[in-house]
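Input: a single structure, listed below in structure tokens.
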Amino acid sequence: MNHDTSQIETLLSRLQTAGVAYIARTQGAREKIINHCYDLISSLELPSEAIMRLGWAEPARTANCRIAIDLEIFGHLKEGGKAGITVKKLATNCSADEILISRILKHLVAMKVVGENGQDTYSTTPLAEALTEAKYRDGIIFLHDVAGPSFQHLPKYLKNINYTCPTEITNGPFQAAHKTELSAFSWLDQHPPYLHAFNSYMTAYRAGKPSWVDPGFYPVAGRLIGGFNSNYSEAFLVDVGGGKGQDLHDLKEKYPQIPGKLILQDRAAVISTVSDDIFEAIPHDFFTAQPVKDARAYYLHSILHNWSDDDCVRILQQLKPAMRPGYSRLLLNEIVVPRQGPKWPVTSMDQLMLVLAAVQERTEADLTKLLKRAGFRIVQVYSHEFGQESLIEAEQDVE
Ligand SMILES: C[S@@+](CC[C@H](N)C(=O)[O-])C[C@H]1O[C@@H](n2cnc3c(N)ncnc32)[C@H](O)[C@@H]1O
């Protein structure tokens, strides 16, 4: 196969420039290098190689990671330290067949998940080490066992419905895969280990990415702390559908001087697993009236993207009567899909929403329309150059 060498030359030169920026610790250089590497691989890889990688190398890596989690292999590798651990010892520790473990480990080494110190001796890597932590491990468990079968069912599901867009939250690829008529959230309630895995993974999936409370993103001090009035309510911010309170921790860590109360709301099944002293945790169904009145802000992170427009309008309308006009701010932390060239973290989240809930990520125009229907208008969209999500500040529409 003939490669366009001038294109490769351009990519290599971009890579080198990004490499220099990385050494100089320039923010965003790491992301640029990764993107240039993806571009290089897709320019150089033969179709036969790409199909092999997509078709079996990557599925096998994911499956092997899932098996390694069951067998606690990543923990054993970590215990082996720099010297590593032999496959014989690993197999004994896992009570598993040595040849099987050896085959799994070889693939995990080839796919850069595990390190190899010498023949039949394996060691940890930053990724393998992360997979000893519950919040990352639970991501593999949820994505392999719950999302994975939903993607497997997507082609057949779409064929059966003549390639129309699935729009029913209780009738989509997820239901076909898991043989249920429940929505994904209701199904999770009936499968506590997966509910736990989902909530746990939600605390990690954005780890290391720009957060709305980082300097240069959303002006928390100017827009929320300034003007806070405890005579209206002690409530500073209500995190609606806030999971285990990961965002409230982030906020408190970066702004320890938050002047009022932080309140976490989620479904009872989630709140019952939370105990914390930096916020008050209240079970609350966001399809019912918001019980906390006149808070400075009502914050919804990755909530609207789980729901259809009609459901989003219902969720937002439950907030409106609780909000003090001219004071309470509505904060939506969501992916805003660019009109052109969205990157894979955005497009793949859209695909994940398609298979799990028959819904989709939205553009700014979609969000503007949706908010208008619910009686709100966008004040400003705050984004970070290296982030995937934006903070959309909205207020009640007085027209
Ligand atoms: C995608 S997660 C986002 C969690 C958190 N806001 C974050 O961004 O890390 C969606 C959250 O909505 C919650 N949720 C779903 N249905 C709900 C309902 N009817 N009332 C309240 N919370 C709900 C889920 O339990 C889950 O924690």
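Following the order of the structure tokens, first chain is A, next is B, and so on, with residues numbered from 1 inside each chain and ligands from 1 in the order they appear.
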TODO: Tell me, as number ranges by chain, which residues lie within 9 Å of region 150-163 of chain A, counting only C-alpha atoms; anything in the same chain fewer than 2 positions away does not count.
DONE: A: 146-148, 165-166, 172-178, 351-352, 354-356
Selected residues written out, C-alpha atoms, as a CSV table (one decimal), in the first residue's frame:
chain,number,residue,atom,x,y,z
A,146,VAL,CA,-23.6,-3.4,30.8
A,147,ALA,CA,-22.6,-1.1,27.9
A,148,GLY,CA,-20.7,-3.8,25.9
A,165,CYS,CA,-33.4,6.8,15.4
A,166,PRO,CA,-34.3,5.0,18.7
A,172,GLY,CA,-33.6,0.5,22.7
A,173,PRO,CA,-30.4,-1.5,22.3
A,174,PHE,CA,-29.9,-1.7,26.1
A,175,GLN,CA,-33.3,-3.4,26.5
A,176,ALA,CA,-32.6,-5.8,23.5
A,177,ALA,CA,-29.2,-6.7,25.1
A,178,HIS,CA,-30.4,-7.2,28.6
A,351,GLN,CA,-23.0,6.6,20.9
A,352,LEU,CA,-23.1,5.5,24.6
A,354,LEU,CA,-27.7,6.0,22.0
A,355,VAL,CA,-27.2,2.4,23.2
A,356,LEU,CA,-28.0,3.0,26.9
TODO: Identify, counting only C-alpha atoms and all ligand atoms, the protein, DNA and RNA residues located within 9 Å of ligand 1, and give them as a PyMOL selection string.
DONE: chain A and resi 185-186+195+198-199+201-206+239-247+265-271+283-288+299-306+315+333-334
| message | Using DSSP assignments from the backbone, pull out every residue in region 78-173 of chain A that falls under alpha helix (DSSP H) and give it to me as a PyMOL selection string. | response | chain A and resi 78-79+87-94+98-110+126-130+134-142+148-160+173
Q. Using only C-alpha atoms, which residues sit within 8 Å of region 256-260 of chain A once same-chain residues fewer than 5 positions away are excluded, as number ranges by chain?
A. A: 225, 228, 230, 234-237, 251
Determine the nearest neighbour of Glu58 (chain A) from the options A:Lys135, A:Gln290, A:Glu364, A:Ala110, counting only C-alpha atoms.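 Of A:Lys135, A:Gln290, A:Glu364, A:Ala110, the one nearest Glu58 (chain A), counting only C-alpha atoms, is A:Ala110.
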